[in-house]
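Here is data10.txt, consisting of compact mmCIF, C-alpha atoms:
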```txt
# COMPACT_ATOMS: atom_id res chain seq x y z
CA MET U 1140 18.06 -12.44 -45.58
CA THR U 1141 17.28 -12.31 -49.28
CA LYS U 1142 17.65 -15.38 -51.37
CA ALA U 1143 19.97 -14.96 -54.36
CA LYS U 1144 18.20 -15.45 -57.68
CA ILE U 1145 19.36 -18.52 -59.51
CA SER U 1146 20.76 -17.54 -62.91
CA ASP U 1147 19.30 -18.83 -66.17
CA GLN U 1148 22.50 -20.75 -66.79
CA GLU U 1149 22.27 -22.50 -63.41
CA LEU U 1150 18.67 -23.46 -64.14
CA ILE U 1151 19.66 -24.78 -67.56
CA ASP U 1152 22.57 -26.80 -66.15
CA SER U 1153 20.33 -28.27 -63.46
CA TYR U 1154 17.59 -29.08 -66.00
CA ARG U 1155 20.10 -30.81 -68.24
CA SER U 1156 21.19 -32.88 -65.26
CA GLY U 1157 17.64 -34.16 -64.89
CA ASN U 1158 15.88 -31.59 -62.68
CA GLU U 1159 12.63 -31.08 -64.60
CA MET U 1160 11.41 -28.40 -62.16
CA CYS U 1161 14.06 -26.00 -63.44
CA LEU U 1162 12.41 -25.83 -66.85
CA GLU U 1163 9.20 -24.59 -65.24
CA THR U 1164 11.10 -21.85 -63.40
CA LEU U 1165 12.89 -20.85 -66.58
CA ILE U 1166 9.68 -20.68 -68.64
CA LYS U 1167 7.81 -18.77 -65.93
CA ARG U 1168 10.66 -16.28 -65.71
CA HIS U 1169 10.59 -15.43 -69.43
CA LYS U 1170 7.15 -16.46 -70.74
CA SER U 1171 5.65 -12.94 -70.80
CA LYS U 1172 8.49 -11.39 -72.81
CA VAL U 1173 8.59 -14.31 -75.22
CA PHE U 1174 4.81 -14.44 -75.65
CA THR U 1175 4.43 -10.65 -76.03
CA THR U 1176 7.17 -10.53 -78.65
CA ILE U 1177 5.58 -13.33 -80.69
CA TYR U 1178 2.08 -11.92 -80.23
CA LEU U 1179 3.07 -8.45 -81.42
CA ILE U 1180 4.73 -9.95 -84.50
CA VAL U 1181 1.81 -12.19 -85.54
CA HIS U 1182 -1.14 -10.12 -84.17
CA ASP U 1183 -3.12 -13.26 -83.45
CA ARG U 1184 -3.43 -14.64 -79.94
CA TYR U 1185 -4.19 -18.21 -80.94
CA LEU U 1186 -1.35 -18.38 -83.43
CA ALA U 1187 0.93 -16.78 -80.83
CA GLU U 1188 -0.02 -19.57 -78.35
CA ASP U 1189 0.97 -22.21 -80.95
CA LEU U 1190 4.24 -20.48 -81.78
CA PHE U 1191 5.00 -19.99 -78.09
CA GLN U 1192 4.63 -23.75 -77.52
CA GLU U 1193 6.68 -24.54 -80.60
CA THR U 1194 9.41 -22.15 -79.46
CA PHE U 1195 9.80 -23.79 -76.07
CA ILE U 1196 9.55 -27.28 -77.55
CA LYS U 1197 12.55 -26.36 -79.69
CA VAL U 1198 14.26 -25.09 -76.55
CA VAL U 1199 13.62 -28.43 -74.81
CA GLN U 1200 14.85 -30.39 -77.84
CA THR U 1201 18.03 -28.34 -77.98
CA PHE U 1202 18.68 -28.83 -74.26
CA LYS U 1203 17.99 -32.56 -74.40
CA SER U 1204 20.24 -33.06 -77.40
CA ASP U 1205 23.12 -31.23 -75.69
CA LYS U 1206 23.30 -28.69 -78.52
CA TYR U 1207 22.80 -25.60 -76.38
CA ASN U 1208 25.82 -23.32 -76.45
CA GLU U 1209 24.40 -19.85 -75.80
CA GLU U 1210 25.85 -19.48 -72.33
CA GLY U 1211 24.51 -16.41 -70.56
CA LYS U 1212 22.23 -15.41 -73.41
CA PHE U 1213 19.14 -17.52 -72.90
CA LEU U 1214 16.41 -14.90 -73.48
CA PRO U 1215 17.82 -13.41 -76.72
CA TRP U 1216 18.28 -16.95 -78.02
CA VAL U 1217 14.65 -17.91 -77.24
CA LEU U 1218 13.36 -14.67 -78.74
CA ARG U 1219 15.37 -15.38 -81.88
CA ILE U 1220 13.73 -18.83 -82.14
CA GLY U 1221 10.26 -17.30 -81.66
CA ARG U 1222 10.88 -14.60 -84.25
CA ASN U 1223 12.20 -17.11 -86.79
CA LEU U 1224 9.21 -19.40 -86.27
CA ALA U 1225 6.83 -16.47 -86.80
CA ILE U 1226 8.64 -15.51 -90.01
CA ASP U 1227 8.62 -19.16 -91.18
CA TYR U 1228 4.89 -19.34 -90.54
CA PHE U 1229 4.18 -16.37 -92.77
CA ARG U 1230 6.64 -17.59 -95.39
CA LYS U 1231 4.95 -21.01 -95.54
CA ALA U 1232 1.47 -19.53 -95.54
CA LYS U 1233 2.66 -17.04 -98.17
CA ARG U 1234 0.88 -14.18 -96.53
CA THR U 1235 1.67 -11.12 -94.53
CA PRO U 1236 0.59 -10.72 -90.92
CA VAL U 1237 -3.14 -10.14 -90.68
CA ILE U 1238 -4.30 -7.19 -88.66
CA THR U 1239 -6.93 -8.53 -86.35
CA ASP U 1240 -9.28 -6.78 -83.99
CA THR U 1241 -8.33 -7.81 -80.48
CA ALA U 1242 -11.69 -6.81 -79.03
CA GLY U 1243 -13.36 -9.83 -77.52
CA ASN U 1244 -10.21 -11.93 -77.55
CA ASP U 1245 -9.21 -10.95 -74.06
CA VAL U 1246 -10.62 -14.09 -72.43
CA LEU U 1247 -7.10 -15.50 -72.41
CA SER U 1248 -5.52 -12.46 -70.85
CA PHE U 1249 -4.20 -13.16 -67.39
CA ILE U 1250 -2.44 -9.91 -66.61
CA SER U 1251 -2.98 -9.23 -62.94
CA ILE U 1252 -3.94 -5.72 -62.05
CA ALA U 1253 -3.52 -4.66 -58.46
CA GLU U 1254 -5.03 -1.60 -56.80
CA GLU U 1255 -6.54 -0.19 -59.95
CA SER U 1256 -10.11 0.96 -60.31
CA ARG U 1257 -12.27 -0.61 -62.97
CA GLU U 1258 -12.37 2.69 -64.83
CA ASP U 1259 -8.56 3.10 -64.73
CA GLN U 1260 -8.17 -0.50 -65.79
CA MET U 1261 -10.49 0.03 -68.77
CA MET U 1262 -8.69 3.21 -69.80
CA ARG U 1263 -5.30 1.54 -69.54
CA LYS U 1264 -6.50 -1.43 -71.57
CA GLU U 1265 -7.98 0.86 -74.19
CA ASN U 1266 -4.75 2.84 -74.39
CA GLU U 1267 -2.67 -0.34 -74.70
CA ARG U 1268 -4.94 -1.55 -77.47
CA SER U 1269 -4.59 1.73 -79.34
CA ILE U 1270 -0.80 1.68 -79.02
CA ARG U 1271 -0.64 -1.92 -80.25
CA ASP U 1272 -2.90 -1.10 -83.17
CA LEU U 1273 -0.45 1.66 -84.11
CA ILE U 1274 2.54 -0.70 -83.76
CA LYS U 1275 0.87 -2.97 -86.32
CA LEU U 1276 0.93 -0.11 -88.82
CA LEU U 1277 4.71 0.31 -88.70
CA PRO U 1278 6.79 -1.08 -91.58
CA GLU U 1279 7.85 -4.64 -90.71
CA GLU U 1280 11.55 -3.90 -90.14
CA GLN U 1281 10.79 -1.03 -87.79
CA ARG U 1282 8.07 -2.94 -85.96
CA GLU U 1283 10.39 -5.90 -85.40
CA VAL U 1284 13.15 -3.81 -83.81
CA LEU U 1285 10.72 -1.87 -81.63
CA ILE U 1286 9.09 -5.06 -80.33
CA MET U 1287 12.39 -6.83 -79.64
CA ARG U 1288 13.97 -3.80 -77.90
CA HIS U 1289 11.00 -2.49 -75.94
CA TYR U 1290 8.97 -5.58 -75.09
CA GLY U 1291 11.54 -8.36 -75.54
CA ASP U 1292 14.26 -6.42 -73.70
CA MET U 1293 16.93 -7.39 -76.23
CA SER U 1294 19.93 -5.09 -76.63
CA PHE U 1295 20.60 -3.44 -79.99
CA LYS U 1296 23.60 -5.74 -80.40
CA GLU U 1297 21.39 -8.81 -79.83
CA ILE U 1298 18.77 -7.46 -82.26
CA ALA U 1299 21.47 -6.80 -84.84
CA ASP U 1300 22.71 -10.40 -84.47
CA ALA U 1301 19.19 -11.82 -84.64
CA THR U 1302 18.17 -9.86 -87.73
CA GLY U 1303 21.48 -9.93 -89.59
CA VAL U 1304 22.02 -6.18 -89.76
CA SER U 1305 24.53 -3.78 -88.17
CA ILE U 1306 23.87 -2.14 -84.80
CA ASN U 1307 23.59 1.22 -86.56
CA THR U 1308 20.91 -0.12 -88.88
CA ALA U 1309 18.98 -1.58 -85.93
CA LEU U 1310 19.25 1.77 -84.13
CA GLY U 1311 18.18 3.68 -87.24
CA ARG U 1312 15.12 1.44 -87.61
CA MET U 1313 14.25 2.04 -83.96
CA ARG U 1314 14.55 5.81 -84.45
CA TYR U 1315 12.24 5.70 -87.47
CA ALA U 1316 9.82 3.47 -85.55
CA LEU U 1317 9.68 5.89 -82.63
CA ASN U 1318 9.28 8.91 -84.93
CA ASN U 1319 6.47 7.18 -86.78
CA MET U 1320 4.80 6.16 -83.52
CA ARG U 1321 5.03 9.76 -82.29
CA LYS U 1322 3.44 11.09 -85.50
CA MET U 1323 0.65 8.51 -85.42
CA MET U 1324 -0.07 9.18 -81.74
CA GLN U 1325 -0.27 12.91 -82.48
CA GLU U 1326 -2.61 12.27 -85.42
CA LYS U 1327 -4.82 10.17 -83.16
CA GLU U 1328 -4.54 12.91 -80.55
CA MET U 1329 -3.36 10.44 -77.97
CA VAL U 1330 -2.02 11.98 -74.79
CA LEU U 1331 1.74 11.73 -74.44
CA ARG U 1332 2.67 12.18 -70.78
CA MET G 1079 37.34 17.62 -79.93
CA ARG G 1080 34.06 17.07 -78.11
CA LYS G 1081 31.87 14.34 -79.55
CA THR G 1082 28.44 15.44 -80.71
CA PHE G 1083 25.83 12.87 -79.75
CA THR G 1084 22.94 11.96 -82.02
CA PRO G 1085 19.29 10.91 -81.52
CA ASP G 1086 20.47 7.28 -81.93
CA ASP G 1087 22.77 7.82 -78.93
CA LEU G 1088 19.79 9.19 -77.01
CA ILE G 1089 17.85 6.01 -77.73
CA ARG G 1090 20.73 3.91 -76.41
CA PHE G 1091 20.91 6.26 -73.40
CA ILE G 1092 17.19 5.86 -72.61
CA TYR G 1093 17.48 2.07 -72.87
CA ARG G 1094 20.63 2.18 -70.69
CA GLU G 1095 22.99 0.87 -73.33
CA THR G 1096 25.55 3.67 -73.12
CA SER G 1097 28.87 3.54 -71.28
CA GLU G 1098 29.49 5.76 -68.25
CA LYS G 1099 31.70 8.00 -70.36
CA GLU G 1100 29.02 8.35 -73.05
CA GLU G 1101 26.39 9.06 -70.37
CA LEU G 1102 28.43 11.94 -69.02
CA GLY G 1103 28.86 13.39 -72.52
CA ILE G 1104 25.15 13.04 -73.29
CA VAL G 1105 24.15 14.69 -70.01
CA GLU G 1106 26.52 17.58 -70.77
CA GLN G 1107 25.06 17.99 -74.26
CA LEU G 1108 21.51 17.86 -72.87
CA ALA G 1109 22.39 20.72 -70.52
CA SER G 1110 23.83 22.89 -73.27
CA ASP G 1111 21.80 22.09 -76.39
CA PRO G 1112 18.03 22.94 -76.20
CA GLU G 1113 17.28 21.17 -79.47
CA PHE G 1114 18.95 17.99 -78.23
CA LEU G 1115 17.01 18.29 -74.95
CA ASN G 1116 13.75 18.66 -76.86
CA GLU G 1117 14.57 15.55 -78.93
CA TYR G 1118 15.27 13.67 -75.68
CA ARG G 1119 11.94 14.74 -74.15
CA GLN G 1120 10.02 13.67 -77.26
CA LEU G 1121 11.74 10.28 -77.27
CA VAL G 1122 11.03 9.71 -73.58
CA LYS G 1123 7.35 10.64 -74.06
CA THR G 1124 6.98 8.23 -76.98
CA ILE G 1125 8.81 5.40 -75.26
CA THR G 1126 6.78 5.92 -72.06
CA ALA G 1127 3.57 5.84 -74.08
CA LEU G 1128 4.49 2.39 -75.41
CA GLY G 1129 3.86 1.09 -71.87
CA ASP G 1130 5.47 -1.95 -70.39
CA SER G 1131 2.62 -4.32 -69.72
CA LEU G 1132 3.20 -7.71 -71.23
CA GLU G 1133 0.83 -10.33 -72.57
CA GLU G 1134 0.68 -13.72 -70.88
CA PRO G 1135 0.42 -17.08 -72.63
CA HIS G 1136 -2.43 -19.33 -71.56
CA PRO G 1137 -1.32 -21.72 -68.77
CA THR G 1138 -2.16 -24.62 -71.10
CA SER G 1139 0.64 -23.54 -73.45
CA VAL G 1140 3.16 -23.72 -70.63
CA ASN G 1141 1.78 -27.09 -69.48
CA ILE G 1142 2.06 -28.55 -72.98
CA VAL G 1143 5.78 -27.74 -73.04
CA LEU G 1144 6.32 -29.10 -69.51
CA GLU G 1145 4.47 -32.32 -70.35
CA TYR G 1146 6.50 -32.71 -73.53
CA SER G 1147 9.70 -32.32 -71.56
CA ALA G 1148 8.55 -34.74 -68.86
CA ALA G 1149 7.66 -37.35 -71.50
CA LEU G 1150 11.13 -37.02 -73.08
CA HIS G 1151 12.69 -37.28 -69.62
CA GLU G 1152 10.79 -40.50 -68.83
CA LYS G 1153 11.86 -42.00 -72.15
CA THR G 1154 15.49 -41.29 -71.29
CA VAL G 1155 15.29 -42.58 -67.71
CA PHE G 1156 13.30 -45.76 -68.31
```
Kindly return the structure encoded in the file as structure tokens.
Amino acid sequence: MTKAKISDQELIDSYRSGNEMCLETLIKRHKSKVFTTIYLIVHDRYLAEDLFQETFIKVVQTFKSDKYNEEGKFLPWVLRIGRNLAIDYFRKAKRTPVITDTAGNDVLSFISIAEESREDQMMRKENERSIRDLIKLLPEEQREVLIMRHYGDMSFKEIADATGVSINTALGRMRYALNNMRKMMQEKEMVLR
Amino acid sequence: MRKTFTPDDLIRFIYRETSEKEELGIVEQLASDPEFLNEYRQLVKTITALGDSLEEPHPTSVNIVLEYSAALHEKTVF
């Protein structure tokens, strides 16, 4: 018999009733999407770690103060917090995201790779790095939509709400982002399967 | 009149954000419009190339949040 997955809302309700364990389940369920989204916006692993912590601390504060009212939409709400914190960071620092070389920073990477040869693993990593380097080159508005839709798994409606534009604008930005990615991949002669 | 779907509709279709009715219309158009089919193939290739592997935060980051929550919880209980 398969065990039914507890919904985010059930975990939140239980956490707010005092079950601390539910927060851990909730964070573990969504940490990769939240971290990847923040990381791809700021391009800096250490800064992304800080903003990830700050994001979930805000989540905890909101839960504890009984101000949470996003029933059924936990992940888009958390991603919105993370995105806003990243934007605030750059606004305060009065600088644009720095493009950093990720080589050598992979000591903190804990992605598990099963049944993959070392060579395949290296090629996949290299390819991922190349794709992410290209994502960094996209105009900010396009990059943001692509990251939130593809890696954060937000719908276009949720992205439109989070960024204050219409769904058509969000879709248009995604189309430009994909067209630009395609052109850049072709220029770099990357293999599109 | 039959609706003509656009590349934006194809993007919603690939990310499974279209209604059943829209899906049927898009599939019909893909079968009858080679240019539309080519656009679809290009989009799928690009989206596939983006990959789906995610980055993980360091376990310490998760622990910091859990410890913060536990400390707040203790304050409330005691």
(Q) Quick check: residues of chain G within 12 Å of chain U, only C-alpha atoms, returned as a PyMOL selection string. (A) chain G and resi 1084-1096+1117-1155
Q. Between atom CA of U:Met1287 and atom CA of U:Ser1305, what is the spacing in Å?
A. 15.1 Å
Q: Quick one: pull the distance between atom CA of U:His1182 and atom CA of U:Thr1201, Å, one decimal.
A: 27.2 Å
Q) What is the distance, in Å and to one decimal place, between atom CA of U:Leu1276 and atom CA of G:Glu1113? A) 28.4 Å
Q: Quick one: everything within 7 Å of G:Ile1104, counting only C-alpha atoms, minus sequence neighbours fewer than 4 positions away in the same chain. Send it as a PyMOL selection string.
A: chain G and resi 1083+1100+1108
Could you write out as JSON the box around stretch 1260-1277 of chain U (axis-aligned, all atoms listed in the file, 4 Å on each side), with centre and edge lengths in Å to one decimal?
```
{"center_x": -2.9, "center_y": 0.1, "center_z": -77.3, "size_x": 23.2, "size_y": 14.2, "size_z": 31.0}
```
Please return as a CSV table (one decimal) with C-alpha atoms, in the frame of the given file every residue within 10 Å of (20.3, -14.3, -81.5), taking into account all atoms listed in the file and the file's own coordinates.
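point_8.csv was written with the following content:
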```csv
chain,number,residue,atom,x,y,z
U,1209,GLU,CA,24.4,-19.8,-75.8
U,1212,LYS,CA,22.2,-15.4,-73.4
U,1213,PHE,CA,19.1,-17.5,-72.9
U,1214,LEU,CA,16.4,-14.9,-73.5
U,1215,PRO,CA,17.8,-13.4,-76.7
U,1216,TRP,CA,18.3,-17.0,-78.0
U,1217,VAL,CA,14.6,-17.9,-77.2
U,1218,LEU,CA,13.4,-14.7,-78.7
U,1219,ARG,CA,15.4,-15.4,-81.9
U,1220,ILE,CA,13.7,-18.8,-82.1
U,1222,ARG,CA,10.9,-14.6,-84.2
U,1293,MET,CA,16.9,-7.4,-76.2
U,1296,LYS,CA,23.6,-5.7,-80.4
U,1297,GLU,CA,21.4,-8.8,-79.8
U,1298,ILE,CA,18.8,-7.5,-82.3
U,1299,ALA,CA,21.5,-6.8,-84.8
U,1300,ASP,CA,22.7,-10.4,-84.5
U,1301,ALA,CA,19.2,-11.8,-84.6
U,1302,THR,CA,18.2,-9.9,-87.7
U,1303,GLY,CA,21.5,-9.9,-89.6
```
Contacts of U:Ser1146 at 12 Å (all atoms listed in the file; same-chain gap of 6+ positions) as a PDB file with C-alpha atoms, keeping the file's coordinate frame:
```pdb
ATOM      1  CA  ASP U1152      22.570 -26.800 -66.150  1.00  0.00           C
ATOM      2  CA  SER U1153      20.330 -28.270 -63.460  1.00  0.00           C
ATOM      3  CA  CYS U1161      14.060 -26.000 -63.440  1.00  0.00           C
ATOM      4  CA  THR U1164      11.100 -21.850 -63.400  1.00  0.00           C
ATOM      5  CA  LEU U1165      12.890 -20.850 -66.580  1.00  0.00           C
ATOM      6  CA  ARG U1168      10.660 -16.280 -65.710  1.00  0.00           C
ATOM      7  CA  GLU U1210      25.850 -19.480 -72.330  1.00  0.00           C
ATOM      8  CA  GLY U1211      24.510 -16.410 -70.560  1.00  0.00           C
ATOM      9  CA  LYS U1212      22.230 -15.410 -73.410  1.00  0.00           C
ATOM     10  CA  PHE U1213      19.140 -17.520 -72.900  1.00  0.00           C
ATOM     11  CA  LEU U1214      16.410 -14.900 -73.480  1.00  0.00           C
TER      12      LEU U1214
END
```
Complete stretch 1094-1112 of chain G with N, CA and C atoms (output as a short mmCIF file (atom, residue, chain, number, x, y, z; two decimals), in the frame of the given file).
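After the write, result09.cif holds the following:
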```
data_model
loop_
_atom_site.label_atom_id
_atom_site.label_comp_id
_atom_site.auth_asym_id
_atom_site.auth_seq_id
_atom_site.Cartn_x
_atom_site.Cartn_y
_atom_site.Cartn_z
N ARG G 1094 19.47 2.49 -71.55
CA ARG G 1094 20.63 2.18 -70.69
C ARG G 1094 21.65 1.28 -71.38
N GLU G 1095 21.97 1.64 -72.60
CA GLU G 1095 22.99 0.87 -73.33
C GLU G 1095 24.26 1.69 -73.59
N THR G 1096 24.37 2.83 -72.92
CA THR G 1096 25.55 3.67 -73.12
C THR G 1096 26.57 3.42 -72.01
N SER G 1097 27.83 3.67 -72.30
CA SER G 1097 28.87 3.54 -71.28
C SER G 1097 28.80 4.75 -70.34
N GLU G 1098 29.49 4.65 -69.21
CA GLU G 1098 29.49 5.76 -68.25
C GLU G 1098 30.03 7.04 -68.90
N LYS G 1099 31.08 6.85 -69.70
CA LYS G 1099 31.70 8.00 -70.36
C LYS G 1099 30.70 8.66 -71.33
N GLU G 1100 30.01 7.82 -72.10
CA GLU G 1100 29.02 8.35 -73.05
C GLU G 1100 27.90 9.06 -72.28
N GLU G 1101 27.47 8.46 -71.18
CA GLU G 1101 26.39 9.06 -70.37
C GLU G 1101 26.75 10.48 -69.95
N LEU G 1102 27.98 10.62 -69.47
CA LEU G 1102 28.43 11.94 -69.02
C LEU G 1102 28.39 12.95 -70.17
N GLY G 1103 28.85 12.52 -71.34
CA GLY G 1103 28.86 13.39 -72.52
C GLY G 1103 27.44 13.76 -72.93
N ILE G 1104 26.54 12.78 -72.89
CA ILE G 1104 25.15 13.04 -73.29
C ILE G 1104 24.49 14.02 -72.31
N VAL G 1105 24.72 13.80 -71.02
CA VAL G 1105 24.15 14.69 -70.01
C VAL G 1105 24.66 16.12 -70.21
N GLU G 1106 25.94 16.25 -70.51
CA GLU G 1106 26.52 17.58 -70.77
C GLU G 1106 25.85 18.24 -71.96
N GLN G 1107 25.67 17.44 -73.03
CA GLN G 1107 25.06 17.99 -74.26
C GLN G 1107 23.59 18.36 -74.01
N LEU G 1108 22.91 17.55 -73.19
CA LEU G 1108 21.51 17.86 -72.87
C LEU G 1108 21.41 19.20 -72.15
N ALA G 1109 22.41 19.48 -71.30
CA ALA G 1109 22.39 20.72 -70.52
C ALA G 1109 22.71 21.94 -71.37
N SER G 1110 23.38 21.72 -72.50
CA SER G 1110 23.83 22.89 -73.27
C SER G 1110 23.14 23.04 -74.63
N ASP G 1111 22.38 22.05 -75.04
CA ASP G 1111 21.80 22.09 -76.39
C ASP G 1111 20.27 21.91 -76.29
N PRO G 1112 19.49 23.02 -76.37
CA PRO G 1112 18.03 22.94 -76.20
C PRO G 1112 17.35 22.02 -77.22
#
```
